[in-house]
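Dumped data36.pdb below, it's PDB, C-alpha atoms:
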ATOM      1  CA  MET A  24     -17.132  -9.739 -11.866
ATOM      2  CA  HIS A  25     -15.248  -9.311  -8.604
ATOM      3  CA  PHE A  26     -12.378  -7.109  -9.792
ATOM      4  CA  THR A  27     -10.554  -4.893  -7.297
ATOM      5  CA  GLY A  28      -8.696  -1.731  -8.306
ATOM      6  CA  THR A  29      -6.837  -1.515 -11.610
ATOM      7  CA  ILE A  30      -6.545  -4.853 -13.385
ATOM      8  CA  TRP A  31      -3.057  -5.533 -14.756
ATOM      9  CA  ARG A  32      -2.225  -8.169 -17.343
ATOM     10  CA  PRO A  33       0.607  -8.688 -19.853
ATOM     11  CA  PRO A  34      -0.149  -7.574 -23.437
ATOM     12  CA  TYR A  35      -0.054 -11.168 -24.662
ATOM     13  CA  GLU A  36      -2.882 -12.215 -22.302
ATOM     14  CA  ALA A  37      -5.432 -10.018 -24.099
ATOM     15  CA  ALA A  38      -7.494 -12.998 -25.315
ATOM     16  CA  SER A  39      -7.363 -14.887 -21.995
ATOM     17  CA  LEU A  40     -10.238 -15.187 -19.547
ATOM     18  CA  LEU A  41      -9.292 -12.882 -16.653
ATOM     19  CA  ILE A  42     -10.226 -14.138 -13.190
ATOM     20  CA  GLU A  43      -9.257 -12.352  -9.982
ATOM     21  CA  ALA A  44      -7.597 -14.911  -7.693
ATOM     22  CA  THR A  45      -5.813 -12.375  -5.495
ATOM     23  CA  ALA A  46      -5.610  -8.611  -5.158
ATOM     24  CA  GLY A  47      -2.478  -6.706  -4.225
ATOM     25  CA  CYS A  48       1.032  -8.037  -3.668
ATOM     26  CA  THR A  49       2.507 -10.143  -0.886
ATOM     27  CA  HIS A  50       5.854  -8.341  -1.207
ATOM     28  CA  HIS A  51       4.749  -4.758  -1.790
ATOM     29  CA  ARG A  52       8.261  -3.381  -1.201
ATOM     30  CA  CYS A  53       9.814  -2.887  -4.647
ATOM     31  CA  LYS A  54      11.022   0.701  -4.607
ATOM     32  CA  PHE A  55       9.858   1.549  -8.129
ATOM     33  CA  CYS A  56       6.397  -0.050  -7.978
ATOM     34  CA  THR A  57       3.154   1.905  -7.576
ATOM     35  CA  LEU A  58       0.821  -0.518  -9.359
ATOM     36  CA  TYR A  59      -1.164  -1.488  -6.281
ATOM     37  CA  ASN A  60      -1.044   1.754  -4.310
ATOM     38  CA  ASP A  61      -4.742   2.343  -4.991
ATOM     39  CA  LEU A  62      -5.765  -0.650  -2.867
ATOM     40  CA  PRO A  63      -6.789  -0.178   0.794
ATOM     41  CA  PHE A  64      -4.869  -3.347   1.751
ATOM     42  CA  PRO A  65      -1.510  -4.906   0.769
ATOM     43  CA  PHE A  66      -2.822  -8.334  -0.284
ATOM     44  CA  ARG A  67      -6.030 -10.359  -0.283
ATOM     45  CA  MET A  68      -7.113 -13.800  -1.518
ATOM     46  CA  SER A  69     -10.355 -13.996  -3.450
ATOM     47  CA  PRO A  70     -12.939 -16.287  -1.817
ATOM     48  CA  LEU A  71     -13.595 -19.395  -3.887
ATOM     49  CA  GLU A  72     -17.269 -18.381  -3.914
ATOM     50  CA  ASP A  73     -16.347 -15.151  -5.725
ATOM     51  CA  ILE A  74     -14.182 -17.001  -8.224
ATOM     52  CA  GLU A  75     -16.971 -19.468  -8.981
ATOM     53  CA  ALA A  76     -19.517 -16.658  -9.316
ATOM     54  CA  ASP A  77     -17.229 -14.892 -11.814
ATOM     55  CA  LEU A  78     -16.769 -18.068 -13.825
ATOM     56  CA  LEU A  79     -20.531 -18.548 -13.937
ATOM     57  CA  GLU A  80     -21.016 -14.931 -15.032
ATOM     58  CA  ALA A  81     -18.427 -15.310 -17.783
ATOM     59  CA  GLN A  82     -19.937 -18.617 -18.897
ATOM     60  CA  THR A  83     -23.407 -17.065 -19.026
ATOM     61  CA  ALA A  84     -22.138 -14.135 -21.094
ATOM     62  CA  LEU A  85     -20.378 -16.500 -23.506
ATOM     63  CA  HIS A  86     -23.483 -18.587 -24.130
ATOM     64  CA  SER A  87     -26.031 -15.785 -23.979
ATOM     65  CA  PRO A  88     -28.566 -16.075 -26.838
ATOM     66  CA  VAL A  89     -28.483 -12.298 -27.219
ATOM     67  CA  GLY A  90     -24.717 -12.383 -27.547
ATOM     68  CA  LYS A  91     -24.864 -15.174 -30.108
ATOM     69  CA  LEU A  92     -27.517 -13.332 -32.131
ATOM     70  CA  THR A  93     -25.502 -10.115 -32.060
ATOM     71  CA  ALA A  94     -22.396 -11.980 -33.226
ATOM     72  CA  ALA A  95     -24.356 -13.615 -36.060
ATOM     73  CA  LEU A  96     -25.798 -10.272 -37.208
ATOM     74  CA  GLN A  97     -22.310  -8.782 -37.196
ATOM     75  CA  GLY A  98     -20.896 -11.682 -39.156
ATOM     76  CA  LEU A  99     -18.640 -12.754 -36.289
ATOM     77  CA  PRO A 100     -17.671 -16.420 -35.824
ATOM     78  CA  ASN A 101     -19.511 -18.550 -33.287
ATOM     79  CA  ARG A 102     -17.742 -18.149 -29.957
ATOM     80  CA  GLU A 103     -16.339 -21.367 -28.492
ATOM     81  CA  GLY A 104     -14.835 -19.719 -25.446
ATOM     82  CA  PRO A 105     -11.259 -18.908 -24.500
ATOM     83  CA  GLY A 106      -8.552 -21.538 -24.490
ATOM     84  CA  ARG A 107      -6.630 -19.926 -21.678
ATOM     85  CA  ALA A 108      -7.273 -18.275 -18.304
ATOM     86  CA  PHE A 109      -5.100 -15.690 -16.573
ATOM     87  CA  LEU A 110      -5.386 -15.203 -12.809
ATOM     88  CA  THR A 111      -5.104 -11.523 -11.915
ATOM     89  CA  GLY A 112      -3.315 -10.004  -8.953
ATOM     90  CA  ALA A 113       0.364  -9.186  -8.472
ATOM     91  CA  ASN A 114       1.378 -12.763  -7.661
ATOM     92  CA  PRO A 115      -1.428 -15.351  -7.452
ATOM     93  CA  PHE A 116       1.169 -18.122  -7.750
ATOM     94  CA  VAL A 117       1.965 -17.455  -4.081
ATOM     95  CA  LEU A 118      -1.218 -19.335  -3.164
ATOM     96  CA  LYS A 119      -0.802 -22.806  -1.725
ATOM     97  CA  SER A 120      -0.851 -25.594  -4.281
ATOM     98  CA  ASP A 121      -4.131 -26.990  -2.958
ATOM     99  CA  ARG A 122      -5.794 -23.611  -3.511
ATOM    100  CA  LEU A 123      -4.405 -23.286  -7.031
ATOM    101  CA  LEU A 124      -5.610 -26.808  -7.828
ATOM    102  CA  GLU A 125      -9.090 -25.960  -6.560
ATOM    103  CA  ILE A 126      -9.155 -22.903  -8.810
ATOM    104  CA  ALA A 127      -8.050 -25.013 -11.774
ATOM    105  CA  GLN A 128     -10.884 -27.474 -11.085
ATOM    106  CA  LEU A 129     -13.420 -24.645 -11.010
ATOM    107  CA  ILE A 130     -12.117 -23.228 -14.266
ATOM    108  CA  GLY A 131     -12.331 -26.662 -15.912
ATOM    109  CA  ARG A 132     -15.898 -27.122 -14.677
ATOM    110  CA  TYR A 133     -17.177 -23.920 -16.287
ATOM    111  CA  PHE A 134     -14.776 -23.664 -19.233
ATOM    112  CA  PRO A 135     -13.717 -27.151 -20.376
ATOM    113  CA  ASN A 136     -12.024 -25.686 -23.467
ATOM    114  CA  ILE A 137      -9.435 -23.902 -21.340
ATOM    115  CA  GLN A 138      -6.169 -25.811 -21.609
ATOM    116  CA  THR A 139      -3.712 -23.585 -19.719
ATOM    117  CA  ILE A 140      -3.761 -21.173 -16.777
ATOM    118  CA  GLY A 141      -1.278 -18.349 -16.309
ATOM    119  CA  SER A 142      -0.609 -15.679 -13.724
ATOM    120  CA  PHE A 143       1.990 -13.241 -12.499
ATOM    121  CA  ALA A 144       4.492 -14.871 -10.152
ATOM    122  CA  ARG A 145       7.379 -13.801  -7.969
ATOM    123  CA  ILE A 146      10.557 -15.865  -7.806
ATOM    124  CA  THR A 147       9.851 -16.401  -4.109
ATOM    125  CA  ASP A 148       6.424 -17.897  -4.933
ATOM    126  CA  ILE A 149       8.097 -20.755  -6.799
ATOM    127  CA  GLY A 150      10.314 -21.505  -3.816
ATOM    128  CA  LEU A 151       7.236 -22.152  -1.668
ATOM    129  CA  LYS A 152       6.338 -25.199  -3.782
ATOM    130  CA  THR A 153       7.950 -28.623  -3.728
ATOM    131  CA  ASP A 154       9.039 -30.220  -6.982
ATOM    132  CA  GLY A 155       6.070 -32.573  -6.714
ATOM    133  CA  GLU A 156       3.650 -29.688  -6.257
ATOM    134  CA  LEU A 157       5.047 -27.924  -9.325
ATOM    135  CA  GLU A 158       4.483 -31.095 -11.346
ATOM    136  CA  GLN A 159       0.909 -31.325 -10.028
ATOM    137  CA  LEU A 160       0.248 -27.720 -11.000
ATOM    138  CA  ARG A 161       1.600 -28.309 -14.486
ATOM    139  CA  ALA A 162      -0.652 -31.347 -14.860
ATOM    140  CA  ALA A 163      -3.601 -29.167 -13.789
ATOM    141  CA  GLY A 164      -2.864 -26.686 -16.592
ATOM    142  CA  TYR A 165      -0.607 -24.066 -15.000
ATOM    143  CA  ASP A 166       1.788 -22.871 -17.678
ATOM    144  CA  GLY A 167       3.134 -19.609 -19.066
ATOM    145  CA  LEU A 168       3.797 -17.743 -15.822
ATOM    146  CA  THR A 169       4.838 -14.110 -16.129
ATOM    147  CA  ILE A 170       7.728 -13.216 -13.819
ATOM    148  CA  GLY A 171       8.902  -9.637 -13.335
ATOM    149  CA  VAL A 172      12.524 -10.522 -12.636
ATOM    150  CA  GLU A 173      13.449  -6.916 -13.653
ATOM    151  CA  THR A 174      17.188  -7.685 -13.997
ATOM    152  CA  GLY A 175      19.853 -10.285 -13.354
ATOM    153  CA  ASP A 176      22.094  -7.661 -11.775
ATOM    154  CA  GLY A 177      22.546  -8.414  -8.070
ATOM    155  CA  PRO A 178      23.246  -4.891  -6.758
ATOM    156  CA  SER A 179      20.157  -3.538  -8.542
ATOM    157  CA  LEU A 180      17.918  -6.280  -7.145
ATOM    158  CA  THR A 181      19.213  -5.529  -3.657
ATOM    159  CA  PHE A 182      18.807  -1.760  -3.952
ATOM    160  CA  MET A 183      15.276  -2.072  -5.338
ATOM    161  CA  ASP A 184      14.320  -4.433  -2.474
ATOM    162  CA  LYS A 185      13.107  -7.199  -4.793
ATOM    163  CA  GLY A 186      13.558  -9.841  -2.112
ATOM    164  CA  TYR A 187      15.652 -12.309  -4.129
ATOM    165  CA  THR A 188      19.047 -12.663  -5.812
ATOM    166  CA  PRO A 189      20.205 -13.660  -9.307
ATOM    167  CA  GLU A 190      21.054 -17.070  -7.849
ATOM    168  CA  ASP A 191      17.452 -17.424  -6.681
ATOM    169  CA  ILE A 192      16.205 -16.664 -10.200
ATOM    170  CA  LEU A 193      18.484 -19.341 -11.615
ATOM    171  CA  THR A 194      17.515 -21.948  -9.012
ATOM    172  CA  GLN A 195      13.759 -21.433  -9.119
ATOM    173  CA  CYS A 196      13.391 -21.109 -12.893
ATOM    174  CA  ARG A 197      15.423 -24.272 -13.392
ATOM    175  CA  ARG A 198      12.835 -25.963 -11.151
ATOM    176  CA  LEU A 199      10.091 -24.630 -13.446
ATOM    177  CA  ASP A 200      12.020 -25.996 -16.422
ATOM    178  CA  ARG A 201      12.173 -29.448 -14.821
ATOM    179  CA  ALA A 202       8.453 -29.354 -13.995
ATOM    180  CA  GLY A 203       7.580 -28.325 -17.558
ATOM    181  CA  ILE A 204       6.022 -25.002 -16.517
ATOM    182  CA  GLY A 205       6.797 -22.369 -19.117
ATOM    183  CA  TYR A 206       7.511 -18.787 -18.106
ATOM    184  CA  ASN A 207       8.038 -15.298 -19.500
ATOM    185  CA  PHE A 208      10.371 -12.657 -18.072
ATOM    186  CA  PHE A 209       9.875  -8.931 -17.779
ATOM    187  CA  TYR A 210      13.071  -6.903 -17.848
ATOM    188  CA  LEU A 211      12.900  -3.390 -16.382
ATOM    189  CA  THR A 212      15.072  -1.159 -18.552
ATOM    190  CA  GLY A 213      16.740   1.533 -16.466
ATOM    191  CA  VAL A 214      16.429  -0.291 -13.145
ATOM    192  CA  ALA A 215      20.186  -0.096 -12.487
ATOM    193  CA  GLY A 216      20.254   3.698 -12.725
ATOM    194  CA  ALA A 217      22.286   6.236 -14.683
ATOM    195  CA  GLY A 218      25.473   4.862 -16.192
ATOM    196  CA  GLN A 219      24.744   1.277 -15.121
ATOM    197  CA  GLY A 220      22.486   0.052 -17.925
ATOM    198  CA  ALA A 221      25.159  -1.880 -19.804
ATOM    199  CA  ARG A 222      26.133  -3.689 -16.597
ATOM    200  CA  SER A 223      22.515  -4.654 -15.935
ATOM    201  CA  ALA A 224      21.974  -5.809 -19.509
ATOM    202  CA  ARG A 225      25.110  -7.967 -19.614
ATOM    203  CA  ALA A 226      24.429  -9.535 -16.205
ATOM    204  CA  SER A 227      20.819 -10.235 -17.210
ATOM    205  CA  ALA A 228      21.790 -11.800 -20.537
ATOM    206  CA  GLU A 229      24.346 -14.001 -18.790
ATOM    207  CA  LEU A 230      21.629 -15.206 -16.393
ATOM    208  CA  PHE A 231      18.830 -15.548 -18.955
ATOM    209  CA  ASN A 232      21.109 -17.508 -21.298
ATOM    210  CA  GLN A 233      21.173 -20.310 -18.695
ATOM    211  CA  LEU A 234      17.370 -20.574 -18.652
ATOM    212  CA  HIS A 235      14.462 -21.126 -21.040
ATOM    213  CA  PRO A 236      12.049 -18.172 -20.956
ATOM    214  CA  ARG A 237       9.596 -18.214 -23.839
ATOM    215  CA  LEU A 238       9.492 -14.440 -24.019
ATOM    216  CA  ILE A 239      11.517 -11.580 -22.568
ATOM    217  CA  GLY A 240       9.438  -8.425 -22.413
ATOM    218  CA  SER A 241      10.929  -5.011 -21.826
ATOM    219  CA  SER A 242       9.284  -2.403 -19.645
ATOM    220  CA  MET A 243      10.834   1.059 -19.325
ATOM    221  CA  LEU A 244      11.306   2.320 -15.779
ATOM    222  CA  THR A 245       8.917   5.183 -15.046
ATOM    223  CA  VAL A 246       9.354   6.867 -11.668
ATOM    224  CA  TYR A 247       6.191   8.173 -10.020
ATOM    225  CA  PRO A 248       6.147  10.579  -7.038
ATOM    226  CA  ASP A 249       4.383   8.077  -4.776
ATOM    227  CA  SER A 250       7.156   5.488  -5.130
ATOM    228  CA  ARG A 251       9.944   4.792  -2.667
ATOM    229  CA  LEU A 252      12.376   5.217  -5.562
ATOM    230  CA  TYR A 253      11.290   8.836  -5.998
ATOM    231  CA  GLN A 254      12.234   9.429  -2.358
ATOM    232  CA  GLU A 255      15.643   7.861  -2.976
ATOM    233  CA  ILE A 256      16.166  10.201  -5.920
ATOM    234  CA  GLN A 257      15.173  13.222  -3.853
ATOM    235  CA  ALA A 258      17.630  12.134  -1.145
ATOM    236  CA  GLY A 259      20.430  11.908  -3.708
ATOM    237  CA  ASN A 260      20.832   8.132  -3.303
ATOM    238  CA  TRP A 261      20.060   7.150  -6.909
ATOM    239  CA  ARG A 262      20.045   8.776 -10.361
ATOM    240  CA  GLU A 263      17.646   7.884 -13.143
ATOM    241  CA  ALA A 264      19.039   6.824 -16.518
ATOM    242  CA  GLY A 265      18.390   9.021 -19.530
ATOM    243  CA  GLU A 266      15.782   7.956 -22.072
ATOM    244  CA  VAL A 267      18.253   7.441 -24.932
ATOM    245  CA  GLU A 268      20.501   5.598 -22.493
ATOM    246  CA  LYS A 269      17.669   3.149 -21.832
ATOM    247  CA  TYR A 270      17.525   2.253 -25.529
ATOM    248  CA  GLU A 271      21.286   1.755 -25.532
ATOM    249  CA  GLU A 272      20.770  -0.638 -22.602
ATOM    250  CA  LEU A 273      18.169  -2.562 -24.602
ATOM    251  CA  LYS A 274      20.585  -2.788 -27.513
ATOM    252  CA  THR A 275      23.184  -4.345 -25.203
ATOM    253  CA  LEU A 276      20.661  -6.859 -23.879
ATOM    254  CA  VAL A 277      19.554  -7.904 -27.371
ATOM    255  CA  SER A 278      23.190  -8.198 -28.461
ATOM    256  CA  TYR A 279      24.158 -10.539 -25.609
ATOM    257  CA  LEU A 280      21.113 -12.843 -25.537
ATOM    258  CA  ASP A 281      22.065 -16.204 -27.072
ATOM    259  CA  ILE A 282      18.968 -18.296 -26.337
ATOM    260  CA  PRO A 283      16.001 -18.837 -28.681
ATOM    261  CA  VAL A 284      13.398 -16.437 -27.304
ATOM    262  CA  THR A 285      10.846 -13.845 -28.365
ATOM    263  CA  PHE A 286      11.957 -10.353 -27.385
ATOM    264  CA  ALA A 287       9.162  -7.799 -27.067
ATOM    265  CA  ALA A 288       8.646  -4.209 -25.985
ATOM    266  CA  LEU A 289       4.877  -3.860 -26.103
ATOM    267  CA  GLY A 290       3.613  -2.132 -22.946
ATOM    268  CA  ALA A 291       2.678   1.528 -22.583
ATOM    269  CA  SER A 292       5.962   2.298 -20.801
ATOM    270  CA  ASN A 293       7.739   1.842 -24.153
ATOM    271  CA  ALA A 294       7.622   4.927 -26.377
ATOM    272  CA  TYR A 295       8.402   2.582 -29.278
ATOM    273  CA  GLN A 296       6.808  -0.851 -29.449
ATOM    274  CA  PHE A 297       8.394  -3.741 -31.319
ATOM    275  CA  GLN A 298       9.079  -7.464 -31.108
ATOM    276  CA  GLY A 299      11.161 -10.089 -32.823
ATOM    277  CA  ARG A 300      12.506 -13.578 -32.511
ATOM    278  CA  LEU A 301      16.065 -14.179 -31.331
ATOM    279  CA  PRO A 302      18.460 -15.098 -32.730
ATOM    280  CA  GLU A 303      16.823 -15.020 -36.172
ATOM    281  CA  GLU A 304      15.743 -11.375 -36.061
ATOM    282  CA  ARG A 305      18.567  -9.974 -33.948
ATOM    283  CA  GLU A 306      19.844  -7.679 -36.706
ATOM    284  CA  VAL A 307      16.322  -6.380 -37.378
ATOM    285  CA  LEU A 308      15.898  -5.508 -33.706
ATOM    286  CA  LEU A 309      19.353  -3.939 -33.438
ATOM    287  CA  THR A 310      18.728  -1.857 -36.565
ATOM    288  CA  ALA A 311      15.440  -0.622 -35.103
ATOM    289  CA  LEU A 312      17.135   0.287 -31.808
ATOM    290  CA  ASP A 313      19.991   2.006 -33.654
ATOM    291  CA  GLY A 314      17.439   4.085 -35.518
ATOM    292  CA  ILE A 315      15.737   5.187 -32.285
ATOM    293  CA  ILE A 316      19.073   6.073 -30.673
ATOM    294  CA  ARG A 317      20.238   7.987 -33.755
ATOM    295  CA  ARG A 318      17.151  10.042 -34.526
ATOM    296  CA  GLU A 319      15.388  10.562 -31.195
ATOM    297  CA  SER A 320      16.140  13.449 -28.855
ATOM    298  CA  GLU A 321      16.369  13.077 -25.095
ATOM    299  CA  ASP A 322      13.799  15.852 -24.657
ATOM    300  CA  ARG A 323      11.195  14.202 -26.874
ATOM    301  CA  LEU A 324      11.549  10.808 -25.196
ATOM    302  CA  ARG A 325      11.565  12.443 -21.778
ATOM    303  CA  SER A 326       8.345  14.248 -22.635
ATOM    304  CA  TYR A 327       6.727  10.873 -23.323
ATOM    305  CA  ARG A 328       7.945   9.536 -19.985
ATOM    306  CA  THR A 329       6.810  12.512 -17.882
ATOM    307  CA  THR A 330       3.348  12.673 -19.482
ATOM    308  CA  LEU A 331       2.659   8.952 -19.113
ATOM    309  CA  PRO A 332      -0.292   8.936 -16.669
ATOM    310  CA  HIS A 333       0.173   5.311 -15.675
ATOM    311  CA  LEU A 334       1.646   2.080 -16.905
TER     312      LEU A 334
END
Would you mind writing the file out in structure tokens?
Amino acid sequence: MHFTGTIWRPPYEAASLLIEATAGCTHHRCKFCTLYNDLPFPFRMSPLEDIEADLLEAQTALHSPVGKLTAALQGLPNREGPGRAFLTGANPFVLKSDRLLEIAQLIGRYFPNIQTIGSFARITDIGLKTDGELEQLRAAGYDGLTIGVETGDGPSLTFMDKGYTPEDILTQCRRLDRAGIGYNFFYLTGVAGAGQGARSARASAELFNQLHPRLIGSSMLTVYPDSRLYQEIQAGNWREAGEVEKYEELKTLVSYLDIPVTFAALGASNAYQFQGRLPEEREVLLTALDGIIRRESEDRLRSYRTTLPHL
């Protein structure tokens, strides 16, 4: 398989067929991000020949007689293949619609059981497509995009150099809603800095409540020395929120969200992992967060953060 560097995917894409469509990020300026620093280039498209070769390799592995025999001996069910594909790279949805449609055709040729195709996407990637192109992509199977919006707080988006505003999030995700393309948000707890978490959470809930994300996932900000944000901290331009403070921020976000949505904190950046459905399980989530805030010490949570080798 033609994978480049560390392969990142959301926790909920664990059963999806992973295909590298791009490597790196077209933006590559978010001050907190170090995910693609190990690549020798900012961004690269995968050749269609590589994508087709990977699909053939995956198809061969799925239907391998040895694999089927091993599964039978282990009492495992007969494998029918995945029902979903996930294109890897920081933002494959930036690709032109024609390219994404070609990739969808290749996937359908080798894996006819695959019904939907997901990927990471930036808000700016959506803006590059017309409404008609978004509808074409939905018809081709693109659904369940994962968007790291980070926050709905304008000053934080500007400081972190995200390249878009809360108004852009609202505009572009409403276009996804109209096209029928589902999406999931990632919220970056702590992105607003010390003392600003409640502001970020309230602004984000106000924005998210106007949209229809299927899931809102929480990641906890972890600052690494090779990030631009670390340099800002060293220069005295920004202060990191405390670890307990981050859980208080999450509690505010959960309290203010009024839309039906799954709320999840599942990635390695979260010292505690949990999920629940809003609004039905709001009190369960708030009770869990209250328990963390009440019993955990700043030092213990900080120890988890500083010893986290990578996200």
Expansion of the PyMOL selection byres ((chain A and resi 123) around 12) into residues, as an MDAnalysis selection string: chainID A and resid 44:45 68:69 71 74 110 115:122 124:130 140:142 152 156:157 159:165
Test item: residues at most 9 Å from segment 260-265 of chain A, all atoms listed in the file, excluding those fewer than 5 positions along its chain, as JSON, numbers by chain: {"A": [213, 214, 215, 216, 217, 218, 219, 220, 244, 246, 252, 253, 254, 255, 321, 325]}
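Taking all atoms listed in the file into account, those protein, DNA and RNA residues with any atom at most 10 Å away from (9.1, 5.2, -5.1) amount to Arg52, Cys53, Lys54, Phe55, Cys56, Thr57, Met183, Thr245, Val246, Tyr247, Pro248, Asp249, Ser250, Arg251, Leu252, Tyr253, Gln254, Glu255 and Ile256 of chain A.
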Close residues, Leu230 of chain A itself excluded, 8 Å, only C-alpha atoms, min 6 positions apart in chain, as a ChimeraX atom specification: /A:175,189,193
Evaluate the PyMOL selection byres ((chain A and resi 30) around 9) and report residues as a PyMOL selection string: chain A and resi 26-29+31-32+43+111-112
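Shortest atom-to-atom contact with Glu75 of chain A among A:Ala287, A:Ile149, A:Ile316, A:Ile42: A:Ile42, counting only C-alpha atoms.
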Selection: 9 Å around Val277 of chain A, all atoms listed in the file, excl. self and same-chain fewer than 2 positions, as a ChimeraX atom specification: /A:224,228,272-275,279-281,286,301,305,308-309
Residue among A:Asn293, A:Ser227, A:Thr147, A:Thr139 lying closest to Arg107 of chain A, counting all atoms listed in the file: A:Thr139
Explicit residues for the PyMOL selection byres ((chain A and resi 176) around 7) (as a PDB file with C-alpha atoms, keeping the file's coordinate frame):
ATOM      1  CA  THR A 174      17.188  -7.685 -13.997  1.00  0.00           C
ATOM      2  CA  GLY A 175      19.853 -10.285 -13.354  1.00  0.00           C
ATOM      3  CA  GLY A 177      22.546  -8.414  -8.070  1.00  0.00           C
ATOM      4  CA  PRO A 178      23.246  -4.891  -6.758  1.00  0.00           C
ATOM      5  CA  SER A 179      20.157  -3.538  -8.542  1.00  0.00           C
ATOM      6  CA  LEU A 180      17.918  -6.280  -7.145  1.00  0.00           C
ATOM      7  CA  PRO A 189      20.205 -13.660  -9.307  1.00  0.00           C
ATOM      8  CA  SER A 223      22.515  -4.654 -15.935  1.00  0.00           C
ATOM      9  CA  ALA A 226      24.429  -9.535 -16.205  1.00  0.00           C
ATOM     10  CA  SER A 227      20.819 -10.235 -17.210  1.00  0.00           C
TER      11      SER A 227
END
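Computed from the coordinates, the atom CA of Glu80 of chain A to atom CA of Met24 of chain A distance equals 7.2 Å.
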Near-Ile239 of chain A list (6 Å; only C-alpha atoms; drop same-chain fewer than 4 positions) as a ChimeraX atom specification: /A:207-209,286
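For the pair atom CA of Thr188 of chain A and atom CA of Arg225 of chain A, the interatomic distance is 15.8 Å.
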Since the input lacks atoms, please generate N, CA, C and O atoms for segment 141-152 of chain A and provide them as a CSV table (one decimal), in the frame of the given file.
chain,number,residue,atom,x,y,z
A,141,GLY,N,-2.5,-19.1,-16.6
A,141,GLY,CA,-1.3,-18.3,-16.3
A,141,GLY,C,-1.5,-17.4,-15.2
A,141,GLY,O,-2.7,-17.2,-14.7
A,142,SER,N,-0.5,-16.7,-14.7
A,142,SER,CA,-0.6,-15.7,-13.7
A,142,SER,C,0.7,-15.0,-13.6
A,142,SER,O,1.7,-15.4,-14.1
A,143,PHE,N,0.7,-13.8,-12.9
A,143,PHE,CA,2.0,-13.2,-12.5
A,143,PHE,C,2.5,-14.1,-11.4
A,143,PHE,O,1.8,-14.7,-10.6
A,144,ALA,N,3.9,-14.1,-11.2
A,144,ALA,CA,4.5,-14.9,-10.2
A,144,ALA,C,5.8,-14.2,-9.8
A,144,ALA,O,6.5,-13.6,-10.6
A,145,ARG,N,6.1,-14.2,-8.5
A,145,ARG,CA,7.4,-13.8,-8.0
A,145,ARG,C,8.3,-15.0,-7.9
A,145,ARG,O,7.8,-16.1,-7.7
A,146,ILE,N,9.6,-14.8,-8.0
A,146,ILE,CA,10.6,-15.9,-7.8
A,146,ILE,C,10.3,-16.6,-6.5
A,146,ILE,O,10.4,-17.8,-6.4
A,147,THR,N,10.0,-15.8,-5.4
A,147,THR,CA,9.9,-16.4,-4.1
A,147,THR,C,8.6,-17.3,-4.0
A,147,THR,O,8.5,-18.2,-3.2
A,148,ASP,N,7.6,-17.0,-4.9
A,148,ASP,CA,6.4,-17.9,-4.9
A,148,ASP,C,6.8,-19.3,-5.4
A,148,ASP,O,6.2,-20.3,-4.8
A,149,ILE,N,7.7,-19.4,-6.3
A,149,ILE,CA,8.1,-20.8,-6.8
A,149,ILE,C,8.8,-21.5,-5.7
A,149,ILE,O,8.5,-22.7,-5.5
A,150,GLY,N,9.6,-20.9,-4.9
A,150,GLY,CA,10.3,-21.5,-3.8
A,150,GLY,C,9.4,-22.1,-2.7
A,150,GLY,O,9.9,-22.9,-1.9
A,151,LEU,N,8.2,-21.6,-2.7
A,151,LEU,CA,7.2,-22.2,-1.7
A,151,LEU,C,6.7,-23.5,-2.1
A,151,LEU,O,6.0,-24.2,-1.2
A,152,LYS,N,6.9,-23.9,-3.3
A,152,LYS,CA,6.3,-25.2,-3.8
A,152,LYS,C,7.4,-26.3,-3.8
A,152,LYS,O,8.6,-26.0,-4.2
